[in-house]
$ cat data26.cif   # mmCIF, C-alpha atoms
data_run
#
loop_
_atom_site.label_atom_id
_atom_site.label_comp_id
_atom_site.auth_asym_id
_atom_site.auth_seq_id
_atom_site.Cartn_x
_atom_site.Cartn_y
_atom_site.Cartn_z
CA MET A 1 16.02 -9.42 -46.08
CA CYS A 2 15.89 -5.71 -45.30
CA ARG A 3 12.20 -5.59 -46.26
CA LEU A 4 11.43 -8.61 -44.09
CA TYR A 5 13.21 -7.07 -41.11
CA THR A 6 11.37 -3.79 -41.65
CA GLY A 7 8.06 -5.65 -41.82
CA ILE A 8 8.72 -7.42 -38.54
CA LEU A 9 9.52 -4.10 -36.87
CA ILE A 10 6.30 -2.55 -38.17
CA LEU A 11 4.24 -5.54 -37.01
CA PHE A 12 5.88 -5.46 -33.58
CA SER A 13 5.23 -1.73 -33.28
CA PHE A 14 1.60 -2.29 -34.24
CA PHE A 15 1.05 -4.75 -31.42
CA GLN A 16 2.85 -2.48 -28.98
CA VAL A 17 0.43 0.40 -29.52
CA GLN A 18 -2.70 -1.76 -29.29
CA ALA A 19 -4.65 -1.87 -26.04
CA GLN A 20 -3.67 -4.79 -23.81
CA ILE A 21 -6.21 -7.10 -22.19
CA GLU A 22 -5.89 -6.86 -18.42
CA VAL A 23 -5.89 -10.29 -16.79
CA PRO A 24 -5.29 -10.89 -13.05
CA PRO A 25 -2.15 -12.94 -12.40
CA MET A 26 -2.44 -16.61 -11.49
CA SER A 27 0.01 -16.01 -8.62
CA PRO A 28 -1.01 -12.66 -7.11
CA LEU A 29 1.50 -10.41 -5.40
CA PHE A 30 1.06 -10.00 -1.65
CA GLN A 31 2.68 -7.90 1.05
CA LEU A 32 2.89 -8.97 4.66
CA LYS A 33 3.85 -6.44 7.33
CA GLY A 34 4.30 -6.80 11.05
CA THR A 35 6.36 -5.74 14.03
CA ILE A 36 8.58 -8.17 15.90
CA GLY A 37 10.03 -6.57 19.00
CA PHE A 38 11.28 -3.18 17.80
CA SER A 39 11.83 -4.29 14.19
CA GLU A 40 9.31 -3.77 11.42
CA VAL A 41 9.31 -6.81 9.14
CA GLU A 42 7.95 -6.74 5.59
CA VAL A 43 7.57 -9.64 3.17
CA GLU A 44 6.72 -9.30 -0.53
CA TYR A 45 5.93 -12.47 -2.44
CA SER A 46 3.76 -13.97 -5.16
CA ARG A 47 1.38 -16.77 -4.14
CA PRO A 48 1.07 -19.76 -6.47
CA SER A 49 -1.70 -22.33 -6.03
CA ALA A 50 -1.45 -26.10 -6.42
CA ARG A 51 -4.38 -26.43 -8.84
CA GLU A 52 -4.36 -30.24 -8.66
CA ARG A 53 -0.59 -30.43 -9.17
CA ALA A 54 1.83 -32.17 -6.84
CA VAL A 55 3.74 -29.63 -4.75
CA ALA A 56 6.36 -31.56 -2.77
CA GLY A 57 9.21 -32.51 -5.07
CA ASN A 58 7.46 -30.95 -8.08
CA LEU A 59 6.33 -27.33 -7.76
CA ILE A 60 8.74 -27.20 -4.82
CA PRO A 61 11.67 -29.06 -6.42
CA TYR A 62 13.75 -31.09 -3.98
CA GLY A 63 17.42 -30.20 -3.80
CA GLU A 64 17.11 -27.09 -5.99
CA VAL A 65 17.12 -23.39 -5.17
CA TRP A 66 13.51 -22.19 -5.11
CA ARG A 67 12.30 -18.58 -5.26
CA THR A 68 9.98 -19.20 -2.25
CA GLY A 69 6.87 -18.36 -4.20
CA ALA A 70 6.29 -17.43 -7.83
CA ASN A 71 7.53 -14.84 -10.33
CA ALA A 72 10.25 -12.65 -8.77
CA SER A 73 12.07 -13.97 -5.73
CA THR A 74 10.44 -13.34 -2.38
CA LYS A 75 11.83 -10.30 -0.54
CA ILE A 76 12.05 -9.81 3.22
CA SER A 77 13.18 -6.65 5.01
CA PHE A 78 13.97 -5.67 8.60
CA SER A 79 14.01 -2.11 9.91
CA GLU A 80 16.40 -3.11 12.73
CA ASP A 81 18.89 -5.87 13.38
CA VAL A 82 17.30 -9.23 14.24
CA LEU A 83 18.25 -12.82 14.99
CA ILE A 84 17.05 -15.66 12.76
CA GLU A 85 17.31 -18.96 14.60
CA GLY A 86 19.98 -17.29 16.73
CA ASN A 87 21.98 -15.98 13.74
CA PRO A 88 22.51 -12.19 13.61
CA VAL A 89 20.98 -10.43 10.59
CA GLN A 90 21.58 -6.75 9.93
CA ALA A 91 18.74 -4.38 9.13
CA GLY A 92 18.07 -4.31 5.41
CA LYS A 93 16.32 -6.07 2.54
CA TYR A 94 17.11 -9.57 1.31
CA ALA A 95 15.92 -12.05 -1.28
CA LEU A 96 14.55 -15.18 0.39
CA TYR A 97 15.40 -18.48 -1.29
CA THR A 98 14.84 -22.01 -0.06
CA ILE A 99 16.16 -25.47 -0.88
CA PHE A 100 13.59 -28.04 0.17
CA ARG A 101 14.12 -31.70 0.85
CA GLU A 102 11.59 -34.16 2.19
CA ASP A 103 12.41 -33.59 5.86
CA SER A 104 14.50 -30.40 5.88
CA ALA A 105 14.88 -27.06 4.16
CA THR A 106 17.80 -24.70 3.72
CA ILE A 107 16.79 -21.08 4.29
CA ILE A 108 18.85 -18.57 2.30
CA LEU A 109 18.99 -14.80 2.64
CA SER A 110 20.66 -13.35 -0.44
CA LYS A 111 22.09 -9.86 -0.80
CA ASN A 112 21.27 -9.87 -4.53
CA LEU A 113 17.77 -8.49 -5.12
CA THR A 114 17.97 -8.19 -8.91
CA TRP A 115 17.40 -11.73 -10.18
CA TRP A 116 14.03 -12.92 -11.52
CA GLY A 117 13.04 -15.97 -9.50
CA SER A 118 16.06 -18.19 -8.91
CA LEU A 119 17.58 -17.54 -12.34
CA GLY A 120 21.09 -16.22 -11.88
CA TYR A 121 21.24 -17.13 -8.19
CA GLU A 122 24.80 -17.44 -6.91
CA GLU A 123 25.85 -18.80 -3.55
CA ALA A 124 28.49 -16.07 -3.35
CA ASP A 125 25.66 -13.58 -2.76
CA ASP A 126 24.41 -15.43 0.33
CA TYR A 127 24.16 -13.40 3.51
CA LEU A 128 22.86 -16.29 5.63
CA ARG A 129 22.22 -20.02 5.26
CA LEU A 130 20.56 -22.20 7.86
CA LYS A 131 18.72 -25.50 7.96
CA VAL A 132 15.27 -26.06 9.47
CA LYS A 133 12.92 -29.01 9.76
CA VAL A 134 10.09 -29.66 7.30
CA LYS A 135 6.76 -31.03 8.45
CA HIS A 136 3.97 -32.61 6.43
CA PRO A 137 0.67 -31.74 8.16
CA SER A 138 -2.59 -33.40 7.18
CA SER A 139 -4.18 -29.99 6.55
CA HIS A 140 -4.25 -28.94 2.89
CA TYR A 141 -3.05 -25.46 1.91
CA GLU A 142 -4.09 -24.86 -1.70
CA THR A 143 -2.20 -21.56 -2.02
CA PHE A 144 1.37 -20.94 -0.90
CA THR A 145 1.13 -18.94 2.31
CA ILE A 146 3.64 -17.05 4.42
CA SER A 147 2.53 -15.97 7.89
CA PHE A 148 3.78 -14.93 11.32
CA SER A 149 2.67 -16.75 14.47
CA ASP A 150 3.49 -17.45 18.11
CA PHE A 151 4.25 -13.84 18.95
CA THR A 152 6.05 -12.92 22.15
CA ARG A 153 7.26 -9.51 23.26
CA ASN A 154 10.45 -9.98 21.23
CA SER A 155 9.92 -12.84 18.75
CA ALA A 156 7.64 -14.56 16.25
CA ASN A 157 7.74 -17.57 13.97
CA PHE A 158 7.94 -17.17 10.19
CA ASN A 159 5.82 -19.89 8.55
CA MET A 160 5.75 -21.20 4.98
CA LYS A 161 2.89 -23.56 4.06
CA TRP A 162 1.80 -25.14 0.80
CA GLU A 163 -0.27 -28.24 0.20
CA HIS A 164 1.05 -30.66 2.86
CA THR A 165 4.47 -29.03 3.32
CA LYS A 166 5.36 -26.64 6.14
CA ALA A 167 8.62 -25.05 7.29
CA MET A 168 9.27 -22.32 9.82
CA PHE A 169 12.02 -20.33 11.50
CA LYS A 170 12.16 -18.01 14.48
CA ILE A 171 12.82 -14.27 14.21
CA GLU A 172 13.93 -12.43 17.36
CA SER A 173 14.54 -8.78 18.16
CA ASP A 174 16.94 -7.69 20.91
CA ILE A 175 14.61 -5.59 23.02
CA ASP A 176 16.14 -6.20 26.44
CA SER A 177 19.24 -4.02 26.08
CA ARG A 178 17.17 -1.05 24.87
CA ILE A 179 14.50 -1.40 27.55
CA MET A 180 17.07 -1.84 30.31
CA GLN A 181 18.87 1.29 29.12
CA GLN A 182 15.58 3.23 29.27
CA ILE A 183 14.94 1.95 32.79
CA LYS A 184 18.44 3.01 33.79
CA ASP A 185 18.09 6.46 32.22
CA GLN A 186 14.57 7.22 33.47
CA ILE A 187 14.46 5.50 36.86
CA ILE A 188 17.71 4.11 38.23
CA ASP A 189 19.93 7.11 37.47
CA ARG A 190 17.39 9.75 38.53
CA ASP A 191 14.34 10.07 40.77
CA SER A 192 11.68 10.41 38.09
CA ASP A 193 8.15 11.64 38.79
CA ASN A 194 6.85 9.58 35.85
CA MET A 195 4.76 6.93 37.60
CA MET A 196 3.93 5.20 34.32
CA ALA A 197 7.64 4.55 33.79
CA TYR A 198 7.87 2.93 37.24
CA PHE A 199 4.80 0.80 36.49
CA GLN A 200 6.23 -0.33 33.15
CA ALA A 201 9.62 -1.09 34.70
CA ALA A 202 8.07 -3.16 37.49
CA ASN A 203 6.03 -5.14 34.98
CA TYR A 204 9.02 -5.68 32.70
CA TYR A 205 11.10 -6.98 35.59
CA TYR A 206 8.26 -9.34 36.50
CA ASP A 207 7.69 -10.52 32.92
CA THR A 208 11.39 -11.20 32.36
CA ASN A 209 11.94 -12.80 35.78
CA GLN A 210 14.44 -10.19 36.96
CA ASP A 211 14.88 -8.58 40.40
CA ALA A 212 11.42 -8.99 41.96
CA ALA A 213 12.42 -7.10 45.12
CA LYS A 214 13.29 -4.04 43.03
CA ALA A 215 10.05 -4.45 41.06
CA LEU A 216 8.15 -4.39 44.37
CA VAL A 217 9.83 -1.12 45.38
CA TRP A 218 8.80 0.44 42.08
CA ILE A 219 5.19 -0.77 42.18
CA ASN A 220 4.84 0.46 45.77
CA LYS A 221 6.11 3.86 44.63
CA VAL A 222 3.37 3.96 41.98
CA ILE A 223 0.69 3.06 44.55
CA ASP A 224 1.99 5.56 47.11
CA ASN A 225 2.04 8.40 44.57
CA SER A 226 -1.36 7.76 43.00
CA GLU A 227 -4.42 9.79 43.94
CA ALA A 228 -6.58 6.66 43.80
CA GLU A 229 -5.69 2.98 43.80
CA GLN A 230 -6.03 1.31 40.41
CA TYR A 231 -6.93 -2.38 40.31
CA TRP A 232 -4.40 -3.18 37.57
CA VAL A 233 -1.56 -1.64 39.59
CA VAL A 234 -2.60 -3.46 42.76
CA HIS A 235 -2.84 -6.71 40.78
CA ALA A 236 0.72 -6.19 39.55
CA LYS A 237 1.82 -5.91 43.18
CA ALA A 238 0.01 -9.17 44.02
CA LYS A 239 1.88 -10.97 41.23
CA ILE A 240 5.24 -9.64 42.40
CA LEU A 241 4.53 -10.68 46.00
CA GLU A 242 3.69 -14.17 44.75
CA ARG A 243 6.98 -14.25 42.84
CA LEU A 244 8.78 -13.35 46.08
CA GLY A 245 7.08 -16.22 47.90
CA ARG A 246 5.06 -13.89 50.13
CA ASP A 247 1.86 -15.82 49.47
CA LYS A 248 -0.23 -14.57 52.39
CA GLU A 249 0.37 -10.94 51.42
CA ALA A 250 -0.19 -11.78 47.74
CA ILE A 251 -3.64 -13.20 48.53
CA GLN A 252 -4.60 -10.15 50.58
CA VAL A 253 -3.48 -7.75 47.85
CA ALA A 254 -5.22 -9.82 45.15
CA GLN A 255 -8.45 -9.73 47.15
CA HIS A 256 -8.15 -5.95 47.39
CA SER A 257 -7.49 -5.68 43.65
CA MET A 258 -10.52 -7.90 42.99
CA SER A 259 -12.71 -5.61 45.07
CA LEU A 260 -11.44 -2.58 43.16
CA ALA A 261 -12.06 -4.37 39.84
CA GLN A 262 -15.61 -5.25 40.85
CA THR A 263 -16.27 -1.62 41.75
CA GLY A 264 -14.70 -0.54 38.45
CA GLY A 265 -16.79 -3.03 36.48
CA ASN A 266 -13.87 -5.01 35.05
CA PRO A 267 -14.64 -8.77 35.12
CA ASP A 268 -11.31 -9.62 33.47
CA TYR A 269 -9.32 -8.42 36.48
CA VAL A 270 -11.78 -10.14 38.81
CA ARG A 271 -10.88 -13.41 37.04
CA LEU A 272 -7.15 -12.65 37.03
CA ASN A 273 -7.11 -12.02 40.76
CA GLN A 274 -9.23 -15.08 41.47
CA GLY A 275 -6.86 -17.13 39.35
CA LEU A 276 -3.86 -15.88 41.34
CA ILE A 277 -5.59 -16.72 44.63
CA ASP A 278 -6.59 -20.20 43.40
CA ARG A 279 -3.07 -20.85 42.15
CA ILE A 280 -1.60 -20.13 45.58
CA MET A 281 -4.28 -22.02 47.50
CA ASN A 282 -3.91 -25.13 45.32
CA ARG A 283 -0.17 -25.53 45.76
#

$ encode --input "data26.cif" --output "structure tokens"
Amino acid sequence: MCRLYTGILILFSFFQVQAQIEVPPMSPLFQLKGTIGFSEVEVEYSRPSARERAVAGNLIPYGEVWRTGANASTKISFSEDVLIEGNPVQAGKYALYTIFREDSATIILSKNLTWWGSLGYEEADDYLRLKVKVKHPSSHYETFTISFSDFTRNSANFNMKWEHTKAMFKIESDIDSRIMQQIKDQIIDRDSDNMMAYFQAANYYYDTNQDAAKALVWINKVIDNSEAEQYWVVHAKAKILERLGRDKEAIQVAQHSMSLAQTGGNPDYVRLNQGLIDRIMNR
């Protein structure tokens, strides 16, 4: 028995020292990085392909914890706190598991990053659980794909697609409190000479449908303190005037911005101003 055991050890050692044949994995490892609001989001996952196999209820088993990909469990990290479908999630790294059913999926963020795939998964390690809808589009996705879409200033959708199965959830970053604090510190609490800050504040107030009258004061300050009128600044004023219901003034300012844009050779702002004028005239 001792000789047999020794022989096995020698044989094993022999294979260990031999050169290995390098073969690309069937489910390659991918990294996906992006910025949502102020948070950097990173996803690391392996991408299996259907290869003529049924996915729904088979490669994606219904009612069972799935690793959301292949090989090791998918990992997702956030550099800052975010909201997932309205649920607060602290900055950090999590394992992403899913439980699919025909028309819904349970999304799981786990604090345990050590398990291979879903082996050893325990519900006690869950940081977050939420349910989302599952769709079955006619488009065929041969390889499991995670992507971000529908970006706004502070949010994006996280998409999972494979064969004819698709699920998604929304990730949001709280940008408003930080931006409003910057506006308070740089503009409201002191008379800054930074005209770019006033321009950004006026645009942010317009974009987020806040105090348009205050935004108009700030954009006028930018215009009054500029050596030369800039068509993009004048266009911002036209938009704010429209928001305030001062349509006649908005048209006049938009026409002026259009003239400046034509002189500056920017057809995009010519179209933007014409669109604003048409929008008012067609009401």

$ closest_residue --input "data26.cif" --among "A:Ala202, A:Lys170, A:Gln210, A:Gly264" --to "Val82 (chain A)" --atoms "all atoms listed in the file"
A:Lys170

$ resolve_selection --input "data26.cif" --expression "the PyMOL selection byres ((chain A and resi 131) around 10)" --output "mmCIF file with C-alpha atoms, keeping the file's coordinate frame"
data_model
loop_
_atom_site.group_PDB
_atom_site.id
_atom_site.type_symbol
_atom_site.label_atom_id
_atom_site.label_comp_id
_atom_site.auth_asym_id
_atom_site.auth_seq_id
_atom_site.Cartn_x
_atom_site.Cartn_y
_atom_site.Cartn_z
ATOM 1 C CA GLU A 85 17.310 -18.960 14.600
ATOM 2 C CA THR A 98 14.840 -22.010 -0.060
ATOM 3 C CA ILE A 99 16.160 -25.470 -0.880
ATOM 4 C CA PHE A 100 13.590 -28.040 0.170
ATOM 5 C CA SER A 104 14.500 -30.400 5.880
ATOM 6 C CA ALA A 105 14.880 -27.060 4.160
ATOM 7 C CA THR A 106 17.800 -24.700 3.720
ATOM 8 C CA ILE A 107 16.790 -21.080 4.290
ATOM 9 C CA ILE A 108 18.850 -18.570 2.300
ATOM 10 C CA ARG A 129 22.220 -20.020 5.260
ATOM 11 C CA LEU A 130 20.560 -22.200 7.860
ATOM 12 C CA VAL A 132 15.270 -26.060 9.470
ATOM 13 C CA LYS A 133 12.920 -29.010 9.760
ATOM 14 C CA VAL A 134 10.090 -29.660 7.300
ATOM 15 C CA PHE A 169 12.020 -20.330 11.500
#

$ residues_around --input "data26.cif" --residues "region 247-250 of chain A" --least-positions-apart "5" --cutoff "8 Å" --atoms "only C-alpha atoms" --output "VMD selection string"
chain A and resid 237 to 242 277 280

$ atom_distance --input "data26.cif" --atom1 "CA of Tyr141 (chain A)" --atom2 "CA of Arg47 (chain A)"
11.5 Å

$ closest_residue --input "data26.cif" --among "A:Met195, A:Leu32, A:Ala201, A:Leu244" --to "Ile223 (chain A)" --atoms "only C-alpha atoms"
A:Met195

$ closest_atom_pairs --input "data26.cif" --of "region 126-242 of chain A" --to "region 51-61 of chain A" --cutoff "9 Å" --atoms "only C-alpha atoms" --output "tab-separated table"
residue	atom	partner	partner_atom	distance
A:Glu142	CA	A:Arg51	CA	7.3
A:Thr143	CA	A:Arg51	CA	8.7
A:Trp162	CA	A:Val55	CA	7.4
A:Glu163	CA	A:Val55	CA	6.5
A:His164	CA	A:Ala56	CA	7.8
A:Thr165	CA	A:Ala56	CA	6.9

$ resolve_selection --input "data26.cif" --expression "the PyMOL selection byres ((chain A and resi 252-260) around 6)" --output "ChimeraX atom specification"
/A:231,234-235,238,249-251,261-263,270,273

$ residues_near_point --input "data26.cif" --point "(4.3, -4.2, 32.6)" --cutoff "12 Å" --atoms "only C-alpha atoms" --output "MDAnalysis selection string"
chainID A and resid 153 179 196:209 215 218:219 232:233 235:237 239:240

$ write_last_selection --input "data26.cif" --atoms "C-alpha atoms" --output "short mmCIF file (atom, residue, chain, number, x, y, z; two decimals), in the coordinates of the input"
data_model
loop_
_atom_site.label_atom_id
_atom_site.label_comp_id
_atom_site.auth_asym_id
_atom_site.auth_seq_id
_atom_site.Cartn_x
_atom_site.Cartn_y
_atom_site.Cartn_z
CA ARG A 153 7.26 -9.51 23.26
CA ILE A 179 14.50 -1.40 27.55
CA MET A 196 3.93 5.20 34.32
CA ALA A 197 7.64 4.55 33.79
CA TYR A 198 7.87 2.93 37.24
CA PHE A 199 4.80 0.80 36.49
CA GLN A 200 6.23 -0.33 33.15
CA ALA A 201 9.62 -1.09 34.70
CA ALA A 202 8.07 -3.16 37.49
CA ASN A 203 6.03 -5.14 34.98
CA TYR A 204 9.02 -5.68 32.70
CA TYR A 205 11.10 -6.98 35.59
CA TYR A 206 8.26 -9.34 36.50
CA ASP A 207 7.69 -10.52 32.92
CA THR A 208 11.39 -11.20 32.36
CA ASN A 209 11.94 -12.80 35.78
CA ALA A 215 10.05 -4.45 41.06
CA TRP A 218 8.80 0.44 42.08
CA ILE A 219 5.19 -0.77 42.18
CA TRP A 232 -4.40 -3.18 37.57
CA VAL A 233 -1.56 -1.64 39.59
CA HIS A 235 -2.84 -6.71 40.78
CA ALA A 236 0.72 -6.19 39.55
CA LYS A 237 1.82 -5.91 43.18
CA LYS A 239 1.88 -10.97 41.23
CA ILE A 240 5.24 -9.64 42.40
#

$ atom_distance --input "data26.cif" --atom1 "CA of Gln182 (chain A)" --atom2 "CA of Phe38 (chain A)"
13.8 Å

$ atom_distance --input "data26.cif" --atom1 "CA of Met160 (chain A)" --atom2 "CA of Ile146 (chain A)"
4.7 Å
